[in-house]
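As provided, my_file-v2.pdb (PDB, C-alpha atoms) reads as follows.
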```pdb
ATOM      1  CA  ASN A   1     -42.196 -55.184 -62.601  1.00  0.00           C
ATOM      2  CA  ALA A   2     -42.409 -58.267 -64.856  1.00  0.00           C
ATOM      3  CA  GLY A   3     -45.905 -59.339 -63.719  1.00  0.00           C
ATOM      4  CA  VAL A   4     -46.546 -63.037 -64.362  1.00  0.00           C
ATOM      5  CA  THR A   5     -43.910 -64.894 -66.346  1.00  0.00           C
ATOM      6  CA  GLN A   6     -44.146 -68.375 -67.823  1.00  0.00           C
ATOM      7  CA  THR A   7     -41.539 -70.615 -69.388  1.00  0.00           C
ATOM      8  CA  PRO A   8     -41.264 -72.164 -71.862  1.00  0.00           C
ATOM      9  CA  LYS A   9     -43.460 -70.465 -74.474  1.00  0.00           C
ATOM     10  CA  PHE A  10     -43.625 -73.600 -76.627  1.00  0.00           C
ATOM     11  CA  GLN A  11     -42.936 -77.246 -75.875  1.00  0.00           C
ATOM     12  CA  VAL A  12     -43.282 -80.509 -77.754  1.00  0.00           C
ATOM     13  CA  LEU A  13     -43.272 -83.741 -75.754  1.00  0.00           C
ATOM     14  CA  LYS A  14     -43.586 -87.400 -76.590  1.00  0.00           C
ATOM     15  CA  THR A  15     -46.216 -89.498 -74.870  1.00  0.00           C
ATOM     16  CA  GLY A  16     -44.968 -90.608 -71.470  1.00  0.00           C
ATOM     17  CA  GLN A  17     -42.413 -87.839 -70.990  1.00  0.00           C
ATOM     18  CA  SER A  18     -42.595 -85.573 -67.964  1.00  0.00           C
ATOM     19  CA  MET A  19     -41.903 -81.888 -67.704  1.00  0.00           C
ATOM     20  CA  THR A  20     -42.436 -78.826 -65.553  1.00  0.00           C
ATOM     21  CA  LEU A  21     -44.047 -75.603 -66.685  1.00  0.00           C
ATOM     22  CA  GLN A  22     -42.639 -72.688 -64.745  1.00  0.00           C
ATOM     23  CA  CYS A  23     -44.660 -69.746 -63.446  1.00  0.00           C
ATOM     24  CA  ALA A  24     -43.471 -66.809 -61.387  1.00  0.00           C
ATOM     25  CA  GLN A  25     -44.988 -63.511 -60.276  1.00  0.00           C
ATOM     26  CA  ASP A  26     -43.377 -60.481 -58.677  1.00  0.00           C
ATOM     27  CA  MET A  27     -46.519 -58.781 -57.346  1.00  0.00           C
ATOM     28  CA  ASN A  28     -46.576 -60.572 -53.979  1.00  0.00           C
ATOM     29  CA  HIS A  29     -49.935 -62.125 -54.844  1.00  0.00           C
ATOM     30  CA  GLU A  30     -51.258 -64.823 -52.550  1.00  0.00           C
ATOM     31  CA  TYR A  31     -53.513 -66.495 -55.102  1.00  0.00           C
ATOM     32  CA  MET A  32     -52.046 -68.349 -58.071  1.00  0.00           C
ATOM     33  CA  SER A  33     -53.634 -70.747 -60.488  1.00  0.00           C
ATOM     34  CA  TRP A  34     -53.101 -72.844 -63.581  1.00  0.00           C
ATOM     35  CA  TYR A  35     -55.610 -73.083 -66.405  1.00  0.00           C
ATOM     36  CA  ARG A  36     -55.697 -74.941 -69.650  1.00  0.00           C
ATOM     37  CA  GLN A  37     -57.371 -73.497 -72.718  1.00  0.00           C
ATOM     38  CA  ASP A  38     -58.761 -75.791 -75.376  1.00  0.00           C
ATOM     39  CA  PRO A  39     -60.587 -74.692 -78.535  1.00  0.00           C
ATOM     40  CA  GLY A  40     -64.251 -73.933 -77.928  1.00  0.00           C
ATOM     41  CA  MET A  41     -64.074 -74.675 -74.197  1.00  0.00           C
ATOM     42  CA  GLY A  42     -62.923 -71.524 -72.476  1.00  0.00           C
ATOM     43  CA  LEU A  43     -60.464 -71.899 -69.615  1.00  0.00           C
ATOM     44  CA  ARG A  44     -60.538 -74.770 -67.159  1.00  0.00           C
ATOM     45  CA  LEU A  45     -58.893 -74.674 -63.773  1.00  0.00           C
ATOM     46  CA  ILE A  46     -56.240 -77.320 -63.134  1.00  0.00           C
ATOM     47  CA  HIS A  47     -54.826 -76.427 -59.703  1.00  0.00           C
ATOM     48  CA  TYR A  48     -54.687 -73.367 -57.542  1.00  0.00           C
ATOM     49  CA  SER A  49     -52.920 -72.065 -54.468  1.00  0.00           C
ATOM     50  CA  VAL A  50     -53.997 -69.526 -51.862  1.00  0.00           C
ATOM     51  CA  GLY A  51     -50.517 -69.083 -50.418  1.00  0.00           C
ATOM     52  CA  ALA A  52     -47.136 -70.705 -49.939  1.00  0.00           C
ATOM     53  CA  GLY A  53     -47.527 -74.311 -48.865  1.00  0.00           C
ATOM     54  CA  ILE A  54     -51.241 -74.479 -49.763  1.00  0.00           C
ATOM     55  CA  THR A  55     -52.525 -76.001 -52.984  1.00  0.00           C
ATOM     56  CA  ASP A  56     -55.806 -77.497 -54.105  1.00  0.00           C
ATOM     57  CA  GLN A  57     -57.339 -79.182 -57.118  1.00  0.00           C
ATOM     58  CA  GLY A  58     -59.442 -77.476 -59.705  1.00  0.00           C
ATOM     59  CA  GLU A  59     -61.793 -78.861 -62.304  1.00  0.00           C
ATOM     60  CA  VAL A  60     -59.281 -80.937 -64.305  1.00  0.00           C
ATOM     61  CA  PRO A  61     -56.370 -81.955 -62.011  1.00  0.00           C
ATOM     62  CA  ASN A  62     -55.669 -85.468 -63.266  1.00  0.00           C
ATOM     63  CA  GLY A  63     -52.185 -85.918 -64.695  1.00  0.00           C
ATOM     64  CA  TYR A  64     -50.833 -82.730 -63.133  1.00  0.00           C
ATOM     65  CA  ASN A  65     -49.038 -81.892 -59.895  1.00  0.00           C
ATOM     66  CA  VAL A  66     -48.253 -78.547 -58.313  1.00  0.00           C
ATOM     67  CA  SER A  67     -46.349 -77.203 -55.355  1.00  0.00           C
ATOM     68  CA  ARG A  68     -45.975 -73.757 -53.840  1.00  0.00           C
ATOM     69  CA  SER A  69     -42.825 -73.440 -51.783  1.00  0.00           C
ATOM     70  CA  THR A  70     -42.578 -69.662 -52.193  1.00  0.00           C
ATOM     71  CA  THR A  71     -45.064 -66.859 -52.775  1.00  0.00           C
ATOM     72  CA  GLU A  72     -43.477 -66.102 -56.146  1.00  0.00           C
ATOM     73  CA  ASP A  73     -43.328 -69.510 -57.841  1.00  0.00           C
ATOM     74  CA  PHE A  74     -46.019 -71.989 -58.803  1.00  0.00           C
ATOM     75  CA  PRO A  75     -44.705 -74.722 -61.123  1.00  0.00           C
ATOM     76  CA  LEU A  76     -46.982 -77.200 -62.880  1.00  0.00           C
ATOM     77  CA  ARG A  77     -45.678 -80.720 -63.421  1.00  0.00           C
ATOM     78  CA  LEU A  78     -46.913 -83.121 -66.047  1.00  0.00           C
ATOM     79  CA  LEU A  79     -46.191 -86.559 -64.699  1.00  0.00           C
ATOM     80  CA  SER A  80     -46.542 -88.675 -67.862  1.00  0.00           C
ATOM     81  CA  ALA A  81     -47.641 -86.620 -70.836  1.00  0.00           C
ATOM     82  CA  ALA A  82     -50.591 -87.782 -72.929  1.00  0.00           C
ATOM     83  CA  PRO A  83     -51.934 -86.404 -76.238  1.00  0.00           C
ATOM     84  CA  SER A  84     -55.051 -85.232 -74.334  1.00  0.00           C
ATOM     85  CA  GLN A  85     -52.795 -82.754 -72.534  1.00  0.00           C
ATOM     86  CA  THR A  86     -52.068 -80.903 -75.755  1.00  0.00           C
ATOM     87  CA  SER A  87     -53.306 -77.433 -74.898  1.00  0.00           C
ATOM     88  CA  VAL A  88     -52.359 -73.867 -74.081  1.00  0.00           C
ATOM     89  CA  TYR A  89     -51.541 -73.439 -70.407  1.00  0.00           C
ATOM     90  CA  PHE A  90     -51.979 -70.175 -68.550  1.00  0.00           C
ATOM     91  CA  CYS A  91     -50.736 -69.245 -65.123  1.00  0.00           C
ATOM     92  CA  ALA A  92     -52.514 -66.447 -63.279  1.00  0.00           C
ATOM     93  CA  SER A  93     -52.197 -64.598 -60.004  1.00  0.00           C
ATOM     94  CA  SER A  94     -54.290 -62.174 -57.984  1.00  0.00           C
ATOM     95  CA  TYR A  95     -54.112 -60.384 -54.677  1.00  0.00           C
ATOM     96  CA  GLY A  96     -55.976 -61.871 -51.774  1.00  0.00           C
ATOM     97  CA  SER A  97     -56.741 -65.539 -51.308  1.00  0.00           C
ATOM     98  CA  ARG A  98     -59.716 -65.786 -53.644  1.00  0.00           C
ATOM     99  CA  ALA A  99     -60.170 -65.918 -57.394  1.00  0.00           C
ATOM    100  CA  TYR A 100     -62.787 -63.165 -57.426  1.00  0.00           C
ATOM    101  CA  ASN A 101     -60.197 -60.421 -57.690  1.00  0.00           C
ATOM    102  CA  GLU A 102     -58.672 -59.288 -60.981  1.00  0.00           C
ATOM    103  CA  GLN A 103     -56.517 -62.077 -62.348  1.00  0.00           C
ATOM    104  CA  PHE A 104     -53.177 -61.250 -63.968  1.00  0.00           C
ATOM    105  CA  PHE A 105     -52.193 -63.789 -66.593  1.00  0.00           C
ATOM    106  CA  GLY A 106     -48.890 -64.962 -67.947  1.00  0.00           C
ATOM    107  CA  PRO A 107     -48.314 -65.145 -71.713  1.00  0.00           C
ATOM    108  CA  GLY A 108     -49.118 -68.853 -71.882  1.00  0.00           C
ATOM    109  CA  THR A 109     -47.289 -72.061 -72.807  1.00  0.00           C
ATOM    110  CA  ARG A 110     -48.350 -73.923 -75.931  1.00  0.00           C
ATOM    111  CA  LEU A 111     -47.801 -77.636 -75.308  1.00  0.00           C
ATOM    112  CA  THR A 112     -48.035 -80.359 -77.925  1.00  0.00           C
ATOM    113  CA  VAL A 113     -47.887 -84.012 -76.921  1.00  0.00           C
ATOM    114  CA  LEU A 114     -47.191 -86.442 -79.738  1.00  0.00           C
TER     115      LEU A 114
ATOM    116  CA  ALA B   1     -74.154 -76.112 -60.620  1.00  0.00           C
ATOM    117  CA  GLN B   2     -72.642 -72.900 -61.847  1.00  0.00           C
ATOM    118  CA  LYS B   3     -72.494 -72.282 -65.554  1.00  0.00           C
ATOM    119  CA  VAL B   4     -71.652 -69.511 -68.002  1.00  0.00           C
ATOM    120  CA  THR B   5     -73.037 -69.546 -71.524  1.00  0.00           C
ATOM    121  CA  GLN B   6     -71.771 -67.417 -74.370  1.00  0.00           C
ATOM    122  CA  ALA B   7     -74.031 -68.540 -77.167  1.00  0.00           C
ATOM    123  CA  GLN B   8     -72.335 -66.453 -79.854  1.00  0.00           C
ATOM    124  CA  THR B   9     -69.327 -68.415 -81.032  1.00  0.00           C
ATOM    125  CA  GLU B  10     -68.223 -65.809 -83.560  1.00  0.00           C
ATOM    126  CA  ILE B  11     -69.432 -62.345 -84.541  1.00  0.00           C
ATOM    127  CA  SER B  12     -68.239 -60.377 -87.530  1.00  0.00           C
ATOM    128  CA  VAL B  13     -69.046 -56.690 -88.016  1.00  0.00           C
ATOM    129  CA  VAL B  14     -67.727 -53.804 -90.032  1.00  0.00           C
ATOM    130  CA  GLU B  15     -65.709 -51.146 -88.277  1.00  0.00           C
ATOM    131  CA  LYS B  16     -67.737 -48.408 -86.568  1.00  0.00           C
ATOM    132  CA  GLU B  17     -70.728 -50.686 -86.008  1.00  0.00           C
ATOM    133  CA  ASP B  18     -71.964 -51.295 -82.470  1.00  0.00           C
ATOM    134  CA  VAL B  19     -71.808 -54.879 -81.262  1.00  0.00           C
ATOM    135  CA  THR B  20     -73.161 -56.668 -78.188  1.00  0.00           C
ATOM    136  CA  LEU B  21     -71.662 -59.837 -76.750  1.00  0.00           C
ATOM    137  CA  ASP B  22     -74.071 -61.917 -74.710  1.00  0.00           C
ATOM    138  CA  CYS B  23     -73.335 -63.690 -71.439  1.00  0.00           C
ATOM    139  CA  VAL B  24     -75.877 -65.734 -69.503  1.00  0.00           C
ATOM    140  CA  TYR B  25     -74.994 -67.322 -66.177  1.00  0.00           C
ATOM    141  CA  GLU B  26     -76.463 -69.832 -63.752  1.00  0.00           C
ATOM    142  CA  THR B  27     -75.837 -69.888 -60.020  1.00  0.00           C
ATOM    143  CA  ARG B  28     -77.721 -70.484 -56.776  1.00  0.00           C
ATOM    144  CA  ASP B  29     -75.464 -68.095 -54.888  1.00  0.00           C
ATOM    145  CA  THR B  30     -76.778 -64.724 -53.748  1.00  0.00           C
ATOM    146  CA  THR B  31     -73.265 -63.281 -53.637  1.00  0.00           C
ATOM    147  CA  TYR B  32     -71.232 -63.754 -56.765  1.00  0.00           C
ATOM    148  CA  TYR B  33     -68.954 -61.904 -59.165  1.00  0.00           C
ATOM    149  CA  LEU B  34     -69.036 -61.576 -62.930  1.00  0.00           C
ATOM    150  CA  PHE B  35     -66.111 -60.769 -65.179  1.00  0.00           C
ATOM    151  CA  TRP B  36     -65.175 -60.019 -68.746  1.00  0.00           C
ATOM    152  CA  TYR B  37     -61.711 -60.767 -70.105  1.00  0.00           C
ATOM    153  CA  LYS B  38     -60.265 -60.022 -73.530  1.00  0.00           C
ATOM    154  CA  GLN B  39     -57.851 -62.271 -75.435  1.00  0.00           C
ATOM    155  CA  PRO B  40     -56.416 -60.457 -78.468  1.00  0.00           C
ATOM    156  CA  PRO B  41     -54.723 -62.408 -81.290  1.00  0.00           C
ATOM    157  CA  SER B  42     -51.413 -62.146 -79.432  1.00  0.00           C
ATOM    158  CA  GLY B  43     -52.852 -64.588 -76.890  1.00  0.00           C
ATOM    159  CA  GLU B  44     -52.592 -62.865 -73.532  1.00  0.00           C
ATOM    160  CA  LEU B  45     -55.656 -62.513 -71.315  1.00  0.00           C
ATOM    161  CA  VAL B  46     -56.604 -59.041 -70.160  1.00  0.00           C
ATOM    162  CA  PHE B  47     -59.076 -58.154 -67.423  1.00  0.00           C
ATOM    163  CA  LEU B  48     -61.837 -55.762 -68.483  1.00  0.00           C
ATOM    164  CA  ILE B  49     -64.367 -55.577 -65.666  1.00  0.00           C
ATOM    165  CA  ARG B  50     -65.699 -57.176 -62.484  1.00  0.00           C
ATOM    166  CA  ARG B  51     -69.200 -56.707 -61.067  1.00  0.00           C
ATOM    167  CA  ASN B  52     -70.605 -58.087 -57.845  1.00  0.00           C
ATOM    168  CA  SER B  53     -74.143 -59.378 -57.585  1.00  0.00           C
ATOM    169  CA  PHE B  54     -75.323 -56.465 -55.463  1.00  0.00           C
ATOM    170  CA  ASP B  55     -74.385 -53.810 -57.976  1.00  0.00           C
ATOM    171  CA  GLU B  56     -76.692 -53.811 -60.985  1.00  0.00           C
ATOM    172  CA  GLN B  57     -75.682 -50.400 -62.212  1.00  0.00           C
ATOM    173  CA  ASN B  58     -74.592 -50.372 -65.799  1.00  0.00           C
ATOM    174  CA  GLU B  59     -70.966 -49.480 -66.356  1.00  0.00           C
ATOM    175  CA  ILE B  60     -69.450 -47.426 -69.140  1.00  0.00           C
ATOM    176  CA  SER B  61     -65.770 -47.111 -69.917  1.00  0.00           C
ATOM    177  CA  GLY B  62     -65.097 -45.202 -73.093  1.00  0.00           C
ATOM    178  CA  ARG B  63     -66.574 -47.209 -75.972  1.00  0.00           C
ATOM    179  CA  TYR B  64     -67.236 -50.200 -73.703  1.00  0.00           C
ATOM    180  CA  SER B  65     -70.385 -50.673 -71.661  1.00  0.00           C
ATOM    181  CA  TRP B  66     -71.801 -53.493 -69.611  1.00  0.00           C
ATOM    182  CA  ASN B  67     -75.420 -54.306 -68.833  1.00  0.00           C
ATOM    183  CA  PHE B  68     -75.962 -56.477 -65.755  1.00  0.00           C
ATOM    184  CA  GLN B  69     -79.511 -57.787 -65.289  1.00  0.00           C
ATOM    185  CA  LYS B  70     -80.135 -60.232 -62.445  1.00  0.00           C
ATOM    186  CA  SER B  71     -83.727 -60.779 -63.608  1.00  0.00           C
ATOM    187  CA  THR B  72     -82.467 -62.456 -66.776  1.00  0.00           C
ATOM    188  CA  SER B  73     -79.125 -63.685 -65.344  1.00  0.00           C
ATOM    189  CA  SER B  74     -77.260 -61.795 -68.016  1.00  0.00           C
ATOM    190  CA  PHE B  75     -74.144 -59.664 -68.132  1.00  0.00           C
ATOM    191  CA  ASN B  76     -73.861 -58.349 -71.670  1.00  0.00           C
ATOM    192  CA  PHE B  77     -70.990 -56.363 -73.132  1.00  0.00           C
ATOM    193  CA  THR B  78     -71.433 -53.707 -75.796  1.00  0.00           C
ATOM    194  CA  ILE B  79     -68.731 -52.081 -77.870  1.00  0.00           C
ATOM    195  CA  THR B  80     -69.814 -48.823 -79.462  1.00  0.00           C
ATOM    196  CA  ALA B  81     -68.233 -47.662 -82.720  1.00  0.00           C
ATOM    197  CA  SER B  82     -66.102 -50.790 -82.983  1.00  0.00           C
ATOM    198  CA  GLN B  83     -62.509 -50.607 -84.160  1.00  0.00           C
ATOM    199  CA  VAL B  84     -60.207 -53.183 -85.743  1.00  0.00           C
ATOM    200  CA  VAL B  85     -58.199 -53.279 -82.498  1.00  0.00           C
ATOM    201  CA  ASP B  86     -61.295 -54.654 -80.743  1.00  0.00           C
ATOM    202  CA  SER B  87     -60.865 -57.906 -82.666  1.00  0.00           C
ATOM    203  CA  ALA B  88     -60.312 -60.563 -80.026  1.00  0.00           C
ATOM    204  CA  VAL B  89     -61.899 -63.441 -78.163  1.00  0.00           C
ATOM    205  CA  TYR B  90     -63.962 -62.190 -75.244  1.00  0.00           C
ATOM    206  CA  PHE B  91     -64.649 -64.363 -72.221  1.00  0.00           C
ATOM    207  CA  CYS B  92     -67.305 -63.990 -69.569  1.00  0.00           C
ATOM    208  CA  ALA B  93     -66.651 -65.645 -66.197  1.00  0.00           C
ATOM    209  CA  LEU B  94     -68.426 -66.234 -62.877  1.00  0.00           C
ATOM    210  CA  SER B  95     -67.105 -66.610 -59.334  1.00  0.00           C
ATOM    211  CA  GLY B  96     -69.316 -67.663 -56.453  1.00  0.00           C
ATOM    212  CA  LEU B  97     -69.404 -69.522 -53.167  1.00  0.00           C
ATOM    213  CA  GLN B  98     -70.977 -72.580 -54.818  1.00  0.00           C
ATOM    214  CA  GLY B  99     -67.743 -73.061 -56.768  1.00  0.00           C
ATOM    215  CA  ASN B 100     -65.472 -72.084 -53.879  1.00  0.00           C
ATOM    216  CA  TYR B 101     -65.044 -68.751 -55.644  1.00  0.00           C
ATOM    217  CA  GLN B 102     -63.061 -70.295 -58.485  1.00  0.00           C
ATOM    218  CA  LEU B 103     -63.689 -68.816 -61.903  1.00  0.00           C
ATOM    219  CA  ILE B 104     -66.136 -70.607 -64.180  1.00  0.00           C
ATOM    220  CA  TRP B 105     -65.534 -69.494 -67.759  1.00  0.00           C
ATOM    221  CA  GLY B 106     -67.749 -69.272 -70.769  1.00  0.00           C
ATOM    222  CA  ALA B 107     -66.494 -70.711 -74.052  1.00  0.00           C
ATOM    223  CA  GLY B 108     -65.747 -67.245 -75.423  1.00  0.00           C
ATOM    224  CA  THR B 109     -66.982 -65.189 -78.347  1.00  0.00           C
ATOM    225  CA  LYS B 110     -64.612 -64.442 -81.196  1.00  0.00           C
ATOM    226  CA  LEU B 111     -65.196 -60.896 -82.413  1.00  0.00           C
ATOM    227  CA  ILE B 112     -63.950 -59.944 -85.861  1.00  0.00           C
ATOM    228  CA  ILE B 113     -63.984 -56.287 -86.822  1.00  0.00           C
ATOM    229  CA  LYS B 114     -63.542 -55.776 -90.549  1.00  0.00           C
ATOM    230  CA  PRO B 115     -62.100 -52.501 -91.840  1.00  0.00           C
TER     231      PRO B 115
END
```

Now that the file is in, can you turn its structure into structure tokens?
Amino acid sequence: NAGVTQTPKFQVLKTGQSMTLQCAQDMNHEYMSWYRQDPGMGLRLIHYSVGAGITDQGEVPNGYNVSRSTTEDFPLRLLSAAPSQTSVYFCASSYGSRAYNEQFFGPGTRLTVL
Amino acid sequence: AQKVTQAQTEISVVEKEDVTLDCVYETRDTTYYLFWYKQPPSGELVFLIRRNSFDEQNEISGRYSWNFQKSTSSFNFTITASQVVDSAVYFCALSGLQGNYQLIWGAGTKLIIKP
């Protein structure tokens, strides 16, 4: 049981490049989400999904896209990277279709945009 | 609007001391959930506890205890007889209908336990 996995662990991009952060969970959780963590600001929700085929925006969605074609996978796409997107990104999942259950987090992806 | 405030940015204590991490929240919801998560230096986030707004009983789990007081909108976390392994960033979070049950996070408190 791997839990929530994220790849890559580290990534450096140049301004304007695009990339996809991968997230997968093997717990059959309906709810999945992406957060970014910046120093002194806690975690902020980017996008979330309450099941395959259903996604919605969080607090800071601009510059990011998501899709949920399967229960297991929830990739996050950066369309045109900007230095303001330098952050640590966490994927999380939980049972049920709400965020008020225990969230299981992946190990994070540290992204630097030059 | 919903908000979580962790006013203590960083706390440093000597091992075996007791330490309390403060969490104050704002919400207009009558039904809501409060959480604490731990982020050790390795970086992963670990769930510690969830309380719902109708359960104000204090909770104790080993050296950890939580004090939920609706009258002061606080959900404080106390570590008794702290250990070096307790060194981490601790986050308080809120989930309620007003925010479509998404988690609203505090900025975190960095706890340093010195040997």

Select, from A:Arg98, A:Gly106, A:Gly42, A:Gly58, the residue with the minimum atom-to-atom distance to Leu97 (chain B), counting all atoms listed in the file. A:Arg98

Taking the file above as input, evaluate the PyMOL selection byres ((chain A and resi 63) around 12) and report the hits as a PDB file with C-alpha atoms, in the coordinates of the input.
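Below you can see out.pdb, which holds the result:
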```pdb
ATOM      1  CA  GLY A  16     -44.968 -90.608 -71.470  1.00  0.00           C
ATOM      2  CA  GLN A  17     -42.413 -87.839 -70.990  1.00  0.00           C
ATOM      3  CA  SER A  18     -42.595 -85.573 -67.964  1.00  0.00           C
ATOM      4  CA  MET A  19     -41.903 -81.888 -67.704  1.00  0.00           C
ATOM      5  CA  ILE A  46     -56.240 -77.320 -63.134  1.00  0.00           C
ATOM      6  CA  HIS A  47     -54.826 -76.427 -59.703  1.00  0.00           C
ATOM      7  CA  GLN A  57     -57.339 -79.182 -57.118  1.00  0.00           C
ATOM      8  CA  VAL A  60     -59.281 -80.937 -64.305  1.00  0.00           C
ATOM      9  CA  PRO A  61     -56.370 -81.955 -62.011  1.00  0.00           C
ATOM     10  CA  ASN A  62     -55.669 -85.468 -63.266  1.00  0.00           C
ATOM     11  CA  TYR A  64     -50.833 -82.730 -63.133  1.00  0.00           C
ATOM     12  CA  ASN A  65     -49.038 -81.892 -59.895  1.00  0.00           C
ATOM     13  CA  VAL A  66     -48.253 -78.547 -58.313  1.00  0.00           C
ATOM     14  CA  LEU A  76     -46.982 -77.200 -62.880  1.00  0.00           C
ATOM     15  CA  ARG A  77     -45.678 -80.720 -63.421  1.00  0.00           C
ATOM     16  CA  LEU A  78     -46.913 -83.121 -66.047  1.00  0.00           C
ATOM     17  CA  LEU A  79     -46.191 -86.559 -64.699  1.00  0.00           C
ATOM     18  CA  SER A  80     -46.542 -88.675 -67.862  1.00  0.00           C
ATOM     19  CA  ALA A  81     -47.641 -86.620 -70.836  1.00  0.00           C
ATOM     20  CA  ALA A  82     -50.591 -87.782 -72.929  1.00  0.00           C
ATOM     21  CA  PRO A  83     -51.934 -86.404 -76.238  1.00  0.00           C
ATOM     22  CA  SER A  84     -55.051 -85.232 -74.334  1.00  0.00           C
ATOM     23  CA  GLN A  85     -52.795 -82.754 -72.534  1.00  0.00           C
TER      24      GLN A  85
END
```

Long-range neighbours of Asp22 (chain B) as a list in words, 7 Å cut-off, only C-alpha atoms, 6 positions minimum in chain: Gln6, Phe75, Asn76 and Phe77 of chain B

So that each row is one residue of chain B with an atom at most 7 Å from chain A, can you give its shortest atom pair and the distance in Å to one decimal, using only C-alpha atoms, rows by chain and rising number, as a tab-separated table?
```
residue	atom	partner	partner_atom	distance
B:Tyr33	CA	A:Tyr100	CA	6.5
B:Gly43	CA	A:Pro107	CA	6.9
B:Glu44	CA	A:Pro107	CA	5.2
B:Leu45	CA	A:Phe105	CA	6.0
B:Phe47	CA	A:Glu102	CA	6.6
B:Ser95	CA	A:Tyr100	CA	5.8
B:Tyr101	CA	A:Ala99	CA	5.9
B:Gln102	CA	A:Ala99	CA	5.4
B:Leu103	CA	A:Ala99	CA	6.4
B:Trp105	CA	A:Gly42	CA	5.8
B:Gly106	CA	A:Gly42	CA	5.6
B:Ala107	CA	A:Gly42	CA	4.0
B:Gly108	CA	A:Gly42	CA	5.9
```

Output the residue selection produced by the PyMOL selection byres ((chain B and resi 88) around 7) on the file above, formatted as JSON, numbers by chain. {"B": [38, 39, 40, 41, 86, 87, 89, 90, 110, 111, 112]}

Grab the CA of Thr80 (chain B) to CA of Glu17 (chain B) distance for me, in Å with one decimal place.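 Between CA of Thr80 (chain B) and CA of Glu17 (chain B) the gap works out to 6.9 Å.
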
Just give me the residues with any atom within 12 Å of (-75.0, -57.8, -70.5), file coordinates, counting only C-alpha atoms, written as a ChimeraX atom specification. /B:5-6,19-25,34-36,49,51,56-60,64-79,92

Computed interatomic separation between CA of Ala52 (chain A) and CA of Ala2 (chain A) (Å):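 Value for the CA of Ala52 (chain A)-CA of Ala2 (chain A) distance: 20.0 Å.
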
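In this model, the gap between CA of Met32 (chain A) and CA of Tyr95 (chain A) comes to 8.9 Å.
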
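Minimum atom-to-atom distance to Trp34 (chain A), evaluated using all atoms listed in the file, belongs to A:Leu21 out of A:Val113, A:Leu13, A:Ile54, A:Leu21.
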
May I have the protein, DNA and RNA residues with an atom at most 6 Å from (-43.5, -69.6, -60.8), counting only C-alpha atoms in the file's coordinates, returned as a list in words? Gln22, Cys23, Ala24, Glu72, Asp73, Phe74 and Pro75 of chain A

Could you list the residues chosen by the PyMOL selection byres ((chain B and resi 9) around 6) in this structure as a PDB file with C-alpha atoms, keeping the file's coordinate frame?
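Done, and the output landed in expr-v6.pdb:
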```
ATOM      1  CA  GLN B   8     -72.335 -66.453 -79.854  1.00  0.00           C
ATOM      2  CA  GLU B  10     -68.223 -65.809 -83.560  1.00  0.00           C
ATOM      3  CA  THR B 109     -66.982 -65.189 -78.347  1.00  0.00           C
TER       4      THR B 109
END
```

Padding of 5 Å on every side, edges along x, y and z, all listed atoms of region 68-81 of chain B included: what centre and edge lengths in Å, to one decimal, does that box have, as AutoDock Vina command-line options?
```
--center_x -76.0 --center_y -55.7 --center_z -72.6 --size_x 25.5 --size_y 26.0 --size_z 30.3
```

Write out as a ChimeraX atom specification each polymer residue whose atoms come within 8 Å of Val12 (chain A), counting all atoms listed in the file; drop sequence neighbours fewer than 2 positions from it. /A:10,14,111-114

Can I get the selected residues back with C-alpha atoms, as a compact mmCIF listing (two decimals), keeping the file's coordinate frame?
```
# COMPACT_ATOMS: atom_id res chain seq x y z
CA PHE A 10 -43.62 -73.60 -76.63
CA LYS A 14 -43.59 -87.40 -76.59
CA LEU A 111 -47.80 -77.64 -75.31
CA THR A 112 -48.04 -80.36 -77.92
CA VAL A 113 -47.89 -84.01 -76.92
CA LEU A 114 -47.19 -86.44 -79.74
```

Take region 65-73 of chain B, bring it up to N, CA and C atoms, and give me the output as a PDB file, in the coordinates of the input.
```
ATOM      1  N   SER B  65     -69.356 -50.764 -72.691  1.00  0.00           N
ATOM      2  CA  SER B  65     -70.385 -50.673 -71.661  1.00  0.00           C
ATOM      3  C   SER B  65     -70.877 -52.071 -71.318  1.00  0.00           C
ATOM      4  N   TRP B  66     -71.349 -52.204 -70.101  1.00  0.00           N
ATOM      5  CA  TRP B  66     -71.801 -53.493 -69.611  1.00  0.00           C
ATOM      6  C   TRP B  66     -73.185 -53.351 -68.998  1.00  0.00           C
ATOM      7  N   ASN B  67     -74.047 -54.306 -69.315  1.00  0.00           N
ATOM      8  CA  ASN B  67     -75.420 -54.306 -68.833  1.00  0.00           C
ATOM      9  C   ASN B  67     -75.639 -55.551 -67.997  1.00  0.00           C
ATOM     10  N   PHE B  68     -75.778 -55.368 -66.681  1.00  0.00           N
ATOM     11  CA  PHE B  68     -75.962 -56.477 -65.755  1.00  0.00           C
ATOM     12  C   PHE B  68     -77.432 -56.525 -65.369  1.00  0.00           C
ATOM     13  N   GLN B  69     -78.105 -57.641 -65.644  1.00  0.00           N
ATOM     14  CA  GLN B  69     -79.511 -57.787 -65.289  1.00  0.00           C
ATOM     15  C   GLN B  69     -79.700 -59.103 -64.543  1.00  0.00           C
ATOM     16  N   LYS B  70     -79.935 -59.020 -63.243  1.00  0.00           N
ATOM     17  CA  LYS B  70     -80.135 -60.232 -62.445  1.00  0.00           C
ATOM     18  C   LYS B  70     -81.425 -60.932 -62.843  1.00  0.00           C
ATOM     19  N   SER B  71     -82.430 -60.177 -63.271  1.00  0.00           N
ATOM     20  CA  SER B  71     -83.727 -60.779 -63.608  1.00  0.00           C
ATOM     21  C   SER B  71     -83.607 -61.777 -64.757  1.00  0.00           C
ATOM     22  N   THR B  72     -82.665 -61.545 -65.642  1.00  0.00           N
ATOM     23  CA  THR B  72     -82.467 -62.456 -66.776  1.00  0.00           C
ATOM     24  C   THR B  72     -81.134 -63.188 -66.684  1.00  0.00           C
ATOM     25  N   SER B  73     -80.429 -63.048 -65.556  1.00  0.00           N
ATOM     26  CA  SER B  73     -79.125 -63.685 -65.344  1.00  0.00           C
ATOM     27  C   SER B  73     -78.192 -63.408 -66.524  1.00  0.00           C
TER      28      SER B  73
END
```
